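Trainee: Input structure: work-v8.cif, which contains mmCIF, C-alpha atoms.
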```cif
data_input
#
loop_
_atom_site.label_atom_id
_atom_site.label_comp_id
_atom_site.auth_asym_id
_atom_site.auth_seq_id
_atom_site.Cartn_x
_atom_site.Cartn_y
_atom_site.Cartn_z
CA MET A 294 80.33 99.51 108.57
CA TYR A 295 77.22 98.26 110.36
CA TYR A 296 78.13 99.72 113.75
CA GLY A 297 77.62 103.23 112.43
CA LYS A 298 74.42 105.05 113.36
CA ILE A 299 71.69 106.33 111.14
CA ILE A 300 70.41 109.45 112.80
CA PHE A 301 67.05 110.45 111.35
CA GLY A 302 67.15 113.97 112.78
CA LEU A 303 64.80 116.76 111.95
CA CYS A 304 67.21 118.71 109.72
CA VAL A 305 65.50 117.94 106.42
CA GLY A 306 64.99 120.39 103.59
CA LEU A 307 65.97 121.24 100.07
CA SER A 308 65.94 124.28 97.83
CA GLY A 309 67.60 122.85 94.76
CA LEU A 310 69.75 120.18 93.18
CA LEU A 311 72.86 121.98 94.20
CA ALA A 312 75.17 120.74 91.51
CA ALA A 313 73.17 123.00 89.23
CA ASP A 314 71.55 126.41 89.60
CA GLN A 315 70.57 127.01 93.24
CA THR A 316 67.44 128.86 92.10
CA LEU A 317 65.90 125.57 90.94
CA ALA A 318 62.86 124.29 92.75
CA ALA A 319 63.09 121.17 94.87
CA PRO A 320 63.41 118.04 92.71
CA LYS A 321 60.37 116.25 91.35
CA ILE A 322 60.07 112.86 93.02
CA GLN A 323 58.54 110.12 90.88
CA ASN A 324 56.97 107.12 92.59
CA TRP A 325 55.90 103.63 91.50
CA GLN A 326 56.00 99.98 92.53
CA THR A 327 58.06 97.15 91.14
CA GLY A 328 56.35 94.06 89.81
CA ASN A 329 56.71 92.33 93.17
CA GLY A 330 55.52 95.28 95.26
CA ALA A 331 58.59 97.27 96.33
CA ARG A 332 57.98 101.04 96.49
CA VAL A 333 60.36 103.13 94.38
CA TYR A 334 61.12 106.87 94.67
CA PHE A 335 63.18 108.42 91.89
CA VAL A 336 64.77 111.80 91.17
CA GLU A 337 66.46 112.34 87.83
CA ALA A 338 69.65 114.38 88.31
CA ASN A 339 71.85 114.72 85.26
CA GLU A 340 74.54 117.07 86.59
CA LEU A 341 76.93 114.23 87.44
CA PRO A 342 77.46 110.87 85.66
CA MET A 343 76.56 108.98 88.85
CA VAL A 344 73.67 107.05 90.37
CA ASP A 345 73.00 106.82 94.10
CA VAL A 346 70.70 104.15 95.51
CA GLN A 347 69.42 103.44 99.00
CA ILE A 348 67.29 100.39 99.78
CA TRP A 349 65.52 100.51 103.13
CA PHE A 350 63.84 97.49 104.71
CA ASP A 351 61.50 97.62 107.69
CA ALA A 352 63.90 95.18 109.31
CA GLY A 353 65.57 97.14 112.08
CA ALA A 354 66.08 96.22 115.71
CA ALA A 355 62.43 96.91 116.53
CA ARG A 356 61.78 93.56 114.81
CA ASP A 357 64.16 91.56 117.02
CA GLN A 358 61.34 90.15 119.17
CA GLY A 359 63.52 89.40 122.16
CA LYS A 360 66.50 88.15 120.17
CA ASN A 361 68.30 91.45 120.57
CA GLY A 362 71.01 92.02 117.99
CA LEU A 363 69.37 89.76 115.40
CA ALA A 364 68.44 92.49 112.91
CA LEU A 365 71.88 94.03 113.04
CA LEU A 366 73.72 90.73 112.70
CA THR A 367 71.52 89.63 109.78
CA ASN A 368 72.27 92.87 107.97
CA ALA A 369 75.99 92.49 108.69
CA VAL A 370 76.33 88.93 107.39
CA MET A 371 74.33 89.35 104.17
CA PRO A 372 77.21 90.98 102.20
CA GLU A 373 79.62 88.25 103.32
CA GLY A 374 78.49 85.85 100.60
CA ALA A 375 75.96 85.79 97.77
CA ALA A 376 75.19 83.17 95.13
CA ASP A 377 78.59 81.62 94.28
CA LEU A 378 80.61 84.63 95.51
CA ASN A 379 82.30 85.07 98.86
CA ALA A 380 83.01 88.40 100.54
CA ASP A 381 86.40 88.80 98.83
CA ASP A 382 84.88 88.06 95.42
CA LEU A 383 82.18 90.66 95.95
CA ALA A 384 84.65 93.27 97.15
CA GLU A 385 86.91 92.70 94.13
CA LYS A 386 84.02 92.98 91.69
CA PHE A 387 82.72 96.19 93.23
CA GLU A 388 86.24 97.63 93.25
CA ALA A 389 86.80 96.69 89.60
CA ILE A 390 83.85 98.87 88.52
CA GLY A 391 84.49 101.66 91.03
CA ALA A 392 81.23 101.15 92.88
CA GLN A 393 80.78 101.99 96.56
CA THR A 394 78.43 100.01 98.78
CA GLY A 395 77.39 100.03 102.41
CA ASN A 396 74.94 98.54 104.86
CA SER A 397 73.69 99.39 108.34
CA SER A 398 70.87 98.69 110.76
CA GLU A 399 69.12 100.75 113.43
CA ARG A 400 65.85 100.61 115.33
CA ASP A 401 63.44 101.31 112.46
CA VAL A 402 65.36 100.39 109.37
CA ALA A 403 68.02 98.18 107.81
CA GLU A 404 69.60 99.63 104.68
CA PHE A 405 71.88 98.89 101.77
CA THR A 406 73.49 101.63 99.69
CA LEU A 407 75.10 101.81 96.28
CA ARG A 408 76.97 104.57 94.47
CA THR A 409 78.16 103.87 90.95
CA LEU A 410 78.87 105.42 87.58
CA ALA A 411 75.75 105.82 85.44
CA GLU A 412 77.34 104.30 82.34
CA PRO A 413 75.30 101.12 81.69
CA ARG A 414 78.19 98.64 81.81
CA TYR A 415 79.10 99.83 85.32
CA LEU A 416 75.58 100.48 86.56
CA ASN A 417 74.24 97.13 85.40
CA SER A 418 77.14 95.19 86.90
CA ALA A 419 76.85 96.99 90.23
CA ALA A 420 73.10 96.51 90.37
CA ALA A 421 73.43 92.79 89.64
CA LEU A 422 75.91 92.38 92.49
CA VAL A 423 73.65 94.21 94.96
CA ALA A 424 70.72 92.11 93.74
CA SER A 425 72.63 88.91 94.51
CA ILE A 426 73.35 90.15 98.06
CA LEU A 427 69.69 90.96 98.61
CA SER A 428 68.13 87.90 96.99
CA GLN A 429 70.82 85.18 97.27
CA PRO A 430 72.78 85.70 100.50
CA THR A 431 74.46 82.50 101.63
CA PHE A 432 75.13 83.43 105.26
CA PRO A 433 78.45 81.51 105.37
CA GLU A 434 79.05 79.80 108.69
CA ASP A 435 82.53 81.24 109.07
CA ALA A 436 81.30 84.76 108.32
CA PHE A 437 78.44 84.34 110.77
CA ASN A 438 80.83 83.30 113.52
CA ARG A 439 83.26 86.10 112.70
CA GLU A 440 80.61 88.83 112.69
CA LYS A 441 79.00 87.44 115.82
CA ASN A 442 82.34 87.52 117.64
CA ARG A 443 82.98 91.03 116.35
CA LEU A 444 79.65 92.14 117.74
CA LEU A 445 80.40 90.53 121.11
CA VAL A 446 83.68 92.46 121.23
CA ALA A 447 81.83 95.66 120.39
CA LEU A 448 79.35 94.98 123.20
CA LYS A 449 82.19 94.60 125.67
CA SER A 450 83.60 97.91 124.46
CA ARG A 451 80.22 99.56 125.02
CA LYS A 452 80.53 98.70 128.72
CA GLN A 453 83.63 100.89 128.89
CA SER A 454 82.03 103.85 127.11
CA PRO A 455 80.11 106.28 129.35
CA ASP A 456 78.24 107.57 126.28
CA ASP A 457 77.01 104.08 125.41
CA ILE A 458 76.19 103.24 129.02
CA ALA A 459 74.11 106.41 129.33
CA GLU A 460 72.33 105.78 126.02
CA GLU A 461 71.40 102.21 126.94
CA GLU A 462 69.99 103.18 130.34
CA PHE A 463 68.18 106.20 128.89
CA PHE A 464 66.31 104.20 126.26
CA GLN A 465 65.48 101.52 128.83
CA MET A 466 63.95 104.13 131.15
CA LEU A 467 61.94 105.73 128.36
CA TYR A 468 60.65 102.62 126.63
CA GLY A 469 60.53 99.79 129.17
CA THR A 470 59.31 96.69 127.30
CA HIS A 471 58.71 98.49 123.99
CA PRO A 472 60.89 97.36 121.03
CA TYR A 473 62.67 100.74 121.01
CA ALA A 474 64.04 100.09 124.51
CA THR A 475 67.03 97.99 123.55
CA VAL A 476 70.05 99.16 121.59
CA PRO A 477 70.35 97.66 118.07
CA GLU A 478 73.60 95.91 119.05
CA GLY A 479 71.66 93.82 121.57
CA ASN A 480 73.41 92.42 124.63
CA GLU A 481 76.02 89.75 125.19
CA GLU A 482 73.57 87.10 126.36
CA THR A 483 71.14 87.42 123.45
CA VAL A 484 73.87 87.75 120.81
CA ARG A 485 75.76 84.76 122.17
CA ASN A 486 72.60 82.65 121.77
CA LEU A 487 71.92 83.69 118.18
CA SER A 488 72.27 80.98 115.55
CA ARG A 489 72.67 81.03 111.80
CA ASP A 490 69.14 79.65 111.56
CA ASP A 491 67.89 82.70 113.45
CA LEU A 492 69.42 84.93 110.77
CA LEU A 493 67.93 82.84 107.97
CA GLY A 494 64.48 83.05 109.53
CA PHE A 495 64.74 86.80 110.04
CA TYR A 496 65.95 87.30 106.47
CA LYS A 497 63.12 85.27 104.95
CA LYS A 498 60.50 87.13 106.93
CA TYR A 499 61.61 90.73 106.50
CA TYR A 500 63.78 90.94 103.37
CA VAL A 501 60.88 90.83 100.96
CA ALA A 502 59.79 93.30 98.29
CA ARG A 503 56.66 94.65 99.98
CA ASN A 504 58.73 95.43 103.05
CA CYS A 505 61.22 97.69 101.29
CA VAL A 506 61.62 101.15 99.78
CA ILE A 507 64.10 101.99 97.01
CA ALA A 508 65.38 105.54 96.50
CA ILE A 509 67.25 106.36 93.28
CA VAL A 510 68.88 109.70 92.49
CA GLY A 511 71.09 110.19 89.47
CA ASN A 512 71.81 110.38 85.79
CA VAL A 513 69.26 107.91 84.42
CA ASN A 514 65.86 108.48 82.86
CA THR A 515 62.61 107.08 84.23
CA ALA A 516 62.60 104.02 81.98
CA ASN A 517 66.11 103.04 83.03
CA ALA A 518 65.34 103.78 86.69
CA LYS A 519 62.45 101.31 86.45
CA LYS A 520 64.75 98.68 84.96
CA LEU A 521 67.30 99.38 87.70
CA ALA A 522 64.72 98.91 90.46
CA GLU A 523 63.55 95.62 88.94
CA THR A 524 67.15 94.41 88.73
CA LEU A 525 67.82 95.31 92.36
CA VAL A 526 64.82 93.62 94.00
CA GLY A 527 62.99 91.79 91.21
CA LYS A 528 64.14 88.38 92.46
CA LEU A 529 62.91 88.94 96.01
CA PRO A 530 59.66 87.23 96.98
CA ALA A 531 56.78 89.69 97.24
CA GLY A 532 56.06 88.77 100.85
CA GLU A 533 54.18 91.16 103.10
CA ALA A 534 54.98 94.47 104.71
CA ALA A 535 55.87 94.09 108.37
CA PRO A 536 52.93 94.96 110.65
CA LEU A 537 53.03 98.34 112.34
CA ILE A 538 54.66 98.27 115.76
CA ALA A 539 52.45 99.60 118.54
CA ASP A 540 53.34 103.01 119.90
CA GLN A 541 54.96 103.48 123.29
CA THR A 542 52.19 103.41 125.90
CA ALA A 543 53.98 102.71 129.19
CA THR A 544 54.67 105.55 131.59
CA VAL A 545 58.16 106.97 131.32
CA SER A 546 60.42 105.98 134.21
CA VAL A 547 60.51 109.46 135.72
CA GLY A 548 63.44 110.27 137.97
CA SER A 549 67.22 110.06 138.05
CA GLN A 550 69.54 107.13 137.59
CA PHE A 551 73.21 107.48 138.54
CA ILE A 552 75.64 104.90 137.17
CA GLU A 553 79.13 104.92 138.61
CA HIS A 554 81.90 104.82 136.02
CA PRO A 555 85.59 105.79 136.33
CA SER A 556 85.41 108.53 133.73
CA THR A 557 86.96 111.99 133.95
CA GLN A 558 83.65 113.56 132.95
CA SER A 559 80.02 112.89 133.74
CA HIS A 560 77.73 112.15 130.80
CA ILE A 561 74.17 113.36 131.27
CA LEU A 562 71.04 112.55 129.26
CA VAL A 563 67.61 114.01 130.03
CA GLY A 564 64.42 113.41 128.09
CA GLN A 565 61.07 111.82 127.40
CA PRO A 566 59.16 110.39 124.42
CA GLY A 567 58.91 113.09 121.78
CA LEU A 568 57.75 112.77 118.16
CA LYS A 569 56.68 110.43 115.42
CA ARG A 570 58.08 111.21 111.99
CA ASN A 571 54.71 112.49 110.69
CA ASP A 572 53.71 114.32 113.89
CA PRO A 573 51.42 117.36 113.39
CA ASP A 574 53.58 119.38 115.82
CA TYR A 575 56.77 118.51 113.94
CA PHE A 576 57.56 121.93 112.52
CA ALA A 577 56.69 123.94 115.64
CA LEU A 578 58.79 121.67 117.86
CA TYR A 579 61.63 121.50 115.34
CA LEU A 580 61.84 125.27 115.00
CA GLY A 581 61.53 125.78 118.75
CA ASN A 582 64.20 123.23 119.54
CA HIS A 583 66.53 124.85 117.01
CA ILE A 584 66.41 127.90 119.27
CA LEU A 585 66.59 125.96 122.52
CA GLY A 586 69.36 123.46 121.87
CA GLY A 587 69.60 122.43 118.24
CA ASN A 588 71.65 125.24 116.73
CA GLY A 589 75.06 124.54 118.16
CA LEU A 590 76.89 127.26 120.02
CA VAL A 591 74.21 129.92 119.49
CA SER A 592 71.36 127.94 121.07
CA ARG A 593 70.08 128.84 124.54
CA ILE A 594 71.30 125.66 126.19
CA SER A 595 74.82 126.10 124.87
CA ASP A 596 74.79 129.80 125.78
CA GLU A 597 73.72 129.15 129.38
CA ILE A 598 75.91 126.11 130.04
CA ARG A 599 79.00 126.71 127.91
CA GLU A 600 79.29 130.41 127.19
CA LYS A 601 78.07 131.93 130.44
CA ARG A 602 79.34 129.32 132.91
CA GLY A 603 81.99 127.25 131.14
CA LEU A 604 80.48 124.02 132.44
CA SER A 605 80.57 121.99 129.25
CA TYR A 606 82.10 122.03 125.81
CA SER A 607 79.02 120.42 124.27
CA ALA A 608 75.40 120.86 125.45
CA TYR A 609 72.48 120.21 123.14
CA SER A 610 68.91 119.02 122.60
CA TYR A 611 67.21 117.28 119.70
CA PHE A 612 64.14 115.30 118.68
CA LEU A 613 64.73 111.86 117.18
CA PRO A 614 61.49 111.08 115.32
CA MET A 615 60.87 107.50 114.26
CA ARG A 616 57.97 105.49 112.86
CA GLN A 617 56.53 105.47 116.36
CA THR A 618 57.29 108.05 119.01
CA GLY A 619 61.02 108.65 119.19
CA PRO A 620 62.74 110.41 122.09
CA TYR A 621 63.37 114.04 122.91
CA ILE A 622 66.94 114.18 124.22
CA LEU A 623 68.85 116.87 126.07
CA GLY A 624 72.45 116.14 126.92
CA LEU A 625 75.88 117.34 127.95
CA GLN A 626 79.26 116.23 129.27
CA THR A 627 80.85 118.03 132.18
CA ALA A 628 83.46 117.60 134.92
CA ASN A 629 82.32 115.25 137.67
CA ASN A 630 82.45 118.00 140.29
CA SER A 631 80.20 120.29 138.21
CA ARG A 632 77.55 117.83 137.08
CA ASP A 633 74.95 118.90 139.66
CA GLU A 634 75.26 122.54 138.65
CA ALA A 635 75.24 121.75 134.93
CA LEU A 636 72.17 119.54 135.25
CA LYS A 637 70.37 122.20 137.24
CA VAL A 638 71.12 124.85 134.60
CA LEU A 639 69.99 122.49 131.81
CA GLN A 640 66.70 121.79 133.53
CA GLN A 641 66.07 125.44 134.40
CA THR A 642 66.81 126.53 130.83
CA LEU A 643 64.21 124.06 129.59
CA ARG A 644 61.67 125.26 132.18
CA ASP A 645 62.21 128.89 131.24
CA PHE A 646 61.77 128.13 127.55
CA ILE A 647 58.53 126.24 128.15
CA ALA A 648 57.20 128.98 130.42
CA ASP A 649 58.15 132.02 128.35
CA GLY A 650 58.87 130.71 124.86
CA PRO A 651 61.41 132.20 122.48
CA THR A 652 61.67 135.86 121.59
CA ALA A 653 60.47 137.22 118.26
CA ALA A 654 64.09 137.94 117.33
CA GLU A 655 65.08 134.34 118.08
CA VAL A 656 62.26 132.98 115.92
CA ASP A 657 63.18 135.24 113.03
CA ALA A 658 66.86 134.32 113.25
CA ALA A 659 66.07 130.60 113.44
CA LYS A 660 63.84 130.77 110.37
CA LYS A 661 66.54 132.56 108.39
CA ASN A 662 69.14 130.06 109.51
CA LEU A 663 67.08 127.00 108.62
CA THR A 664 65.65 128.16 105.30
CA GLY A 665 68.88 129.81 104.18
CA GLY A 666 70.99 126.82 105.14
CA PHE A 667 69.15 124.20 103.08
CA PRO A 668 71.57 124.27 100.14
CA LEU A 669 74.48 123.45 102.43
CA ARG A 670 72.67 120.51 103.99
CA VAL A 671 72.07 118.73 100.69
CA SER A 672 75.14 119.51 98.67
CA SER A 673 75.35 116.20 96.81
CA ASN A 674 73.13 113.52 95.33
CA ASN A 675 74.18 110.93 97.90
CA LYS A 676 72.78 113.24 100.60
CA ILE A 677 69.61 113.90 98.62
CA VAL A 678 68.95 110.18 98.15
CA GLU A 679 68.78 109.66 101.91
CA TYR A 680 66.05 112.28 102.21
CA VAL A 681 64.16 110.69 99.32
CA ALA A 682 64.40 107.29 101.04
CA MET A 683 63.13 108.84 104.27
CA ILE A 684 60.12 110.32 102.47
CA GLY A 685 59.28 106.91 101.06
CA PHE A 686 59.90 104.86 104.17
CA TYR A 687 57.89 107.14 106.45
CA ASN A 688 55.15 107.80 103.89
CA LEU A 689 55.66 111.56 103.83
CA PRO A 690 54.09 113.63 101.03
CA LEU A 691 56.04 113.67 97.77
CA ASP A 692 56.05 117.48 97.92
CA TYR A 693 57.51 117.44 101.44
CA LEU A 694 60.76 119.06 100.33
CA ASP A 695 58.98 121.66 98.23
CA LYS A 696 56.89 122.80 101.17
CA PHE A 697 59.46 122.53 103.94
CA ASN A 698 60.61 126.15 103.86
CA ASP A 699 57.05 127.45 103.64
CA LYS A 700 56.00 125.39 106.64
CA ILE A 701 58.93 126.71 108.66
CA GLN A 702 58.11 130.29 107.67
CA ALA A 703 54.46 129.82 108.65
CA ILE A 704 55.21 128.79 112.25
CA THR A 705 54.50 131.55 114.78
CA LEU A 706 56.02 132.27 118.16
CA GLU A 707 52.73 131.34 119.81
CA GLN A 708 52.62 127.99 118.04
CA ILE A 709 56.07 127.18 119.38
CA LYS A 710 55.05 128.09 122.93
CA ASP A 711 51.84 126.08 122.64
CA ALA A 712 53.56 122.99 121.24
CA PHE A 713 56.26 122.96 123.92
CA LYS A 714 53.77 123.45 126.74
CA ARG A 715 51.61 120.58 125.46
CA ARG A 716 54.34 118.18 124.46
CA VAL A 717 57.33 118.70 126.78
CA ASN A 718 56.92 118.25 130.54
CA PRO A 719 60.03 119.07 132.60
CA ASP A 720 58.48 117.30 135.60
CA LYS A 721 58.24 113.99 133.73
CA MET A 722 61.76 113.52 132.50
CA ALA A 723 64.09 110.56 132.73
CA VAL A 724 67.56 111.62 133.87
CA VAL A 725 70.67 109.45 133.43
CA VAL A 726 74.06 110.44 134.84
CA VAL A 727 77.17 108.32 134.21
CA GLY A 728 80.37 109.34 135.96
CA ALA A 729 82.73 108.91 138.87
CA LYS A 730 81.59 109.46 142.42
CA GLY A 731 82.69 112.78 143.79
#
```
Translate this file's structure into structure tokens.

Mentor:
Amino acid sequence: MYYGKIIFGLCVGLSGLLAADQTLAAPKIQNWQTGNGARVYFVEANELPMVDVQIWFDAGAARDQGKNGLALLTNAVMPEGAADLNADDLAEKFEAIGAQTGNSSERDVAEFTLRTLAEPRYLNSAAALVASILSQPTFPEDAFNREKNRLLVALKSRKQSPDDIAEEEFFQMLYGTHPYATVPEGNEETVRNLSRDDLLGFYKKYYVARNCVIAIVGNVNTANAKKLAETLVGKLPAGEAAPLIADQTATVSVGSQFIEHPSTQSHILVGQPGLKRNDPDYFALYLGNHILGGNGLVSRISDEIREKRGLSYSAYSYFLPMRQTGPYILGLQTANNSRDEALKVLQQTLRDFIADGPTAAEVDAAKKNLTGGFPLRVSSNNKIVEYVAMIGFYNLPLDYLDKFNDKIQAITLEQIKDAFKRRVNPDKMAVVVVGAKG
């Protein structure tokens, strides 16, 4: 449920609504505002009798303001009671009409999702239930206590997970006092001190129409999509969009941090601040990283660390763009007695790539892989709707999907080399190692 992660990676593209003819152009995205100011993005897709909806609020953990875990807990408790319905009532009503719902919260965004049949009697009922959760949550005291305790248990479990320990230290080193520094789950001290009133205050401030984006993909026409959007959020107060969070300005905590943990493998993260979602170097860095560490077993990092030396089963790199500068992360897991060698190879592979760039053959192969693989990455409407929501939330051009392949094809080898030399500095990296002493 809400402990799942939303990873806004760079793999975004589309060459058709795949339930139909794959020669179709990317879908036309319509855009408007509801009466109270919510932004709506709609794609009509009539191949299946379904409607997929995602509602994104600028109400993620970056808005916690020192009460770490508040955004996540607010999002978690909202579906536990709405109007005169408790959680069991809501679950039974959704089940009776075959609708699927979900909710989650990360650093930038808190979201609610709905998948339902397009037939009006089902669609209208499902939309009304979601509307009650969004506009009339009751935040029951027992549900608040239960979800709070569940989160505290999850936080204790994180202390036993080398992956989670490494992630927490890595973000702290990169972001210091910036809102992106803390994990969305918060920490035991801050969560323990949260009150129901804290959740109510957070909800009233951030769950307002002008602070949300609605994405709709499915078998409805424009007129009915407009009615659907009004049903979903029409009862929310207009409010105001949350102010833009300042970008990360502090110097990265360069250097290595070793955290002892009785694990059979060492978990290693290396990186620095990387990209905003609308960064002008996005495509050059994305394509270059696909060659370096983003294309699974055939990337350079995997080839050097796994294939040639057998040091790790999984070695990778990726950019995690967010509204403000998200991290560039390189990582691997390896045996404790081989971590020094594996880290050295990882760092040298990065240095070599920055110094020499990719080969022409690598660039050509990466372009073919990315542009040819688009249909497989968006094989259903519930995948498409997430990309549409991303376009709306991050204010990307409405023709972003149409032009994605062309922008990838236009990137040159020299542009990749230039972008990596300007944007990635191997001498200013934070390094986190979690493992047993050896």

Trainee: Using all atoms listed in the file, which residue out of A:Thr367, A:Ser428, A:Thr642, A:Gln626 lies closest to A:Ser592?

Mentor: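 Counting all atoms listed in the file, the residue closest to A:Ser592 is A:Thr642.
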
Trainee: To one decimal place in Å, what is the distance between atom CA of A:Glu404 and atom CA of A:Ile507?

Mentor: 9.7 Å

Trainee: May I ask which of the residues A:Lys721, A:Lys497, A:Lys519, A:Lys730 is the closest one to A:Gln326, counting only C-alpha atoms?

Mentor: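 For A:Gln326, the nearest of the candidates is A:Lys519.
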
Trainee: For the PyMOL selection byres ((chain A and resi 714) around 12), applied here, can you spell out every residue it catches as a list in words?

Mentor: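 For this structure, the PyMOL selection byres ((chain A and resi 714) around 12) resolves to Asp574, Ala577, Leu578, Gly581, Leu643, Arg644, Asp645, Phe646, Ile647, Ala648, Asp649, Gly650, Glu707, Gln708, Ile709, Lys710, Asp711, Ala712, Phe713, Arg715, Arg716, Val717, Asn718, Pro719 and Asp720 of chain A.
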
Trainee: Within 10 Å of stretch 461-469 of chain A, counting only C-alpha atoms, which residues show up once you throw out same-chain ones fewer than 5 positions away? Write them as JSON, numbers by chain, please.

Mentor: {"A": [451, 452, 455, 456, 474, 475, 476, 479, 540, 541, 542, 543, 544, 545, 546, 547, 548, 549, 550, 551, 552, 561, 562, 563, 564, 565, 566, 618, 619, 620, 622, 722, 723, 724, 725, 726, 727]}

Trainee: Around (61.4, 110.2, 114.2) in the file's own coordinates, what residues are found within 7 Å if you use all atoms listed in the file, given back as a CSV table (one decimal) with C-alpha atoms, keeping the file's coordinate frame?

Mentor:
```csv
chain,number,residue,atom,x,y,z
A,301,PHE,CA,67.0,110.4,111.4
A,568,LEU,CA,57.8,112.8,118.2
A,569,LYS,CA,56.7,110.4,115.4
A,570,ARG,CA,58.1,111.2,112.0
A,613,LEU,CA,64.7,111.9,117.2
A,614,PRO,CA,61.5,111.1,115.3
A,615,MET,CA,60.9,107.5,114.3
A,616,ARG,CA,58.0,105.5,112.9
A,618,THR,CA,57.3,108.0,119.0
A,619,GLY,CA,61.0,108.6,119.2
```

Trainee: For this file, the PyMOL selection byres ((chain A and resi 344) around 9) selects which residues, as a ChimeraX atom specification?

Mentor: /A:338,341-343,345-346,407-411,416,509-513,674-675

Trainee: Quick one: pull the distance between atom CA of A:Glu523 and atom CA of A:Gly328, Å, one decimal.

Mentor: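 Interatomic distance here is 7.4 Å.
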
Trainee: Using the chain letters and residue numbers of this document, give as JSON, numbers by chain the residues selected by the PyMOL selection byres ((chain A and resi 590) around 10).

Mentor: {"A": [586, 587, 588, 589, 591, 592, 593, 594, 595, 596, 599, 600, 606, 607, 608, 609]}

Trainee: So which residues touch stretch 653-666 of chain A within 10 Å, counting all atoms listed in the file, skipping near sequence neighbours fewer than 6 positions away, as a list in words?

Mentor: Cys304, Val305, Gly306, Leu307, Ser308, Leu580, Gly581, Asn582, His583, Ile584, Leu585, Asn588, Ser592, Arg593, Phe697, Asn698, Asp699, Ile701, Gln702, Ala703, Ile704, Thr705, Leu706, Glu707 and Ile709 of chain A

Trainee: Considering only C-alpha atoms, return as an MDAnalysis selection string whatever protein or nucleic-acid residues lie within 9 Å of A:Ala354, sequence-local ones (same chain, fewer than 5 positions apart) excluded.

Mentor: chainID A and resid 361:365 398:403 472:473 475:479

Trainee: Given the selection you just returned, output its residues as a file containing C-alpha atoms, formatted as a CSV table (one decimal), in the coordinates of the input.

Mentor:
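File produced: part_12.csv:
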```csv
chain,number,residue,atom,x,y,z
A,361,ASN,CA,68.3,91.4,120.6
A,362,GLY,CA,71.0,92.0,118.0
A,363,LEU,CA,69.4,89.8,115.4
A,364,ALA,CA,68.4,92.5,112.9
A,365,LEU,CA,71.9,94.0,113.0
A,398,SER,CA,70.9,98.7,110.8
A,399,GLU,CA,69.1,100.8,113.4
A,400,ARG,CA,65.8,100.6,115.3
A,401,ASP,CA,63.4,101.3,112.5
A,402,VAL,CA,65.4,100.4,109.4
A,403,ALA,CA,68.0,98.2,107.8
A,472,PRO,CA,60.9,97.4,121.0
A,473,TYR,CA,62.7,100.7,121.0
A,475,THR,CA,67.0,98.0,123.6
A,476,VAL,CA,70.0,99.2,121.6
A,477,PRO,CA,70.4,97.7,118.1
A,478,GLU,CA,73.6,95.9,119.0
A,479,GLY,CA,71.7,93.8,121.6
```

Trainee: What would the list of residues within 12 Å of (81.1, 93.9, 124.5) (file frame) look like as a list in words, if all atoms listed in the file are what count?

Mentor: Lys441, Asn442, Arg443, Leu444, Leu445, Val446, Ala447, Leu448, Lys449, Ser450, Arg451, Lys452, Gln453, Ser454, Asp457, Ile458, Glu478, Gly479, Asn480, Glu481, Glu482, Thr483, Val484 and Arg485 of chain A

Trainee: Check the smallest atom-to-atom distance from each of A:Val333, A:Pro372, A:Pro555, A:Asp633 to A:Leu525 using only C-alpha atoms, then report the winner.

Mentor: A:Val333

Trainee: Restricting the calculation to all atoms listed in the file, which member of A:Asn329, A:Asn629, A:Asn571, A:Asn486 is positioned closest to A:Tyr687?

Mentor: A:Asn571

Trainee: Put a box with edges along x, y and z around all the listed atoms of stretch 632-642 of chain A, pad it by 8 Å on each side, then give me its centre and sizes in Å, one decimal, as AutoDock Vina command-line options.

Mentor:
```
--center_x 71.8 --center_y 122.2 --center_z 135.2 --size_x 27.5 --size_y 24.7 --size_z 24.8
```
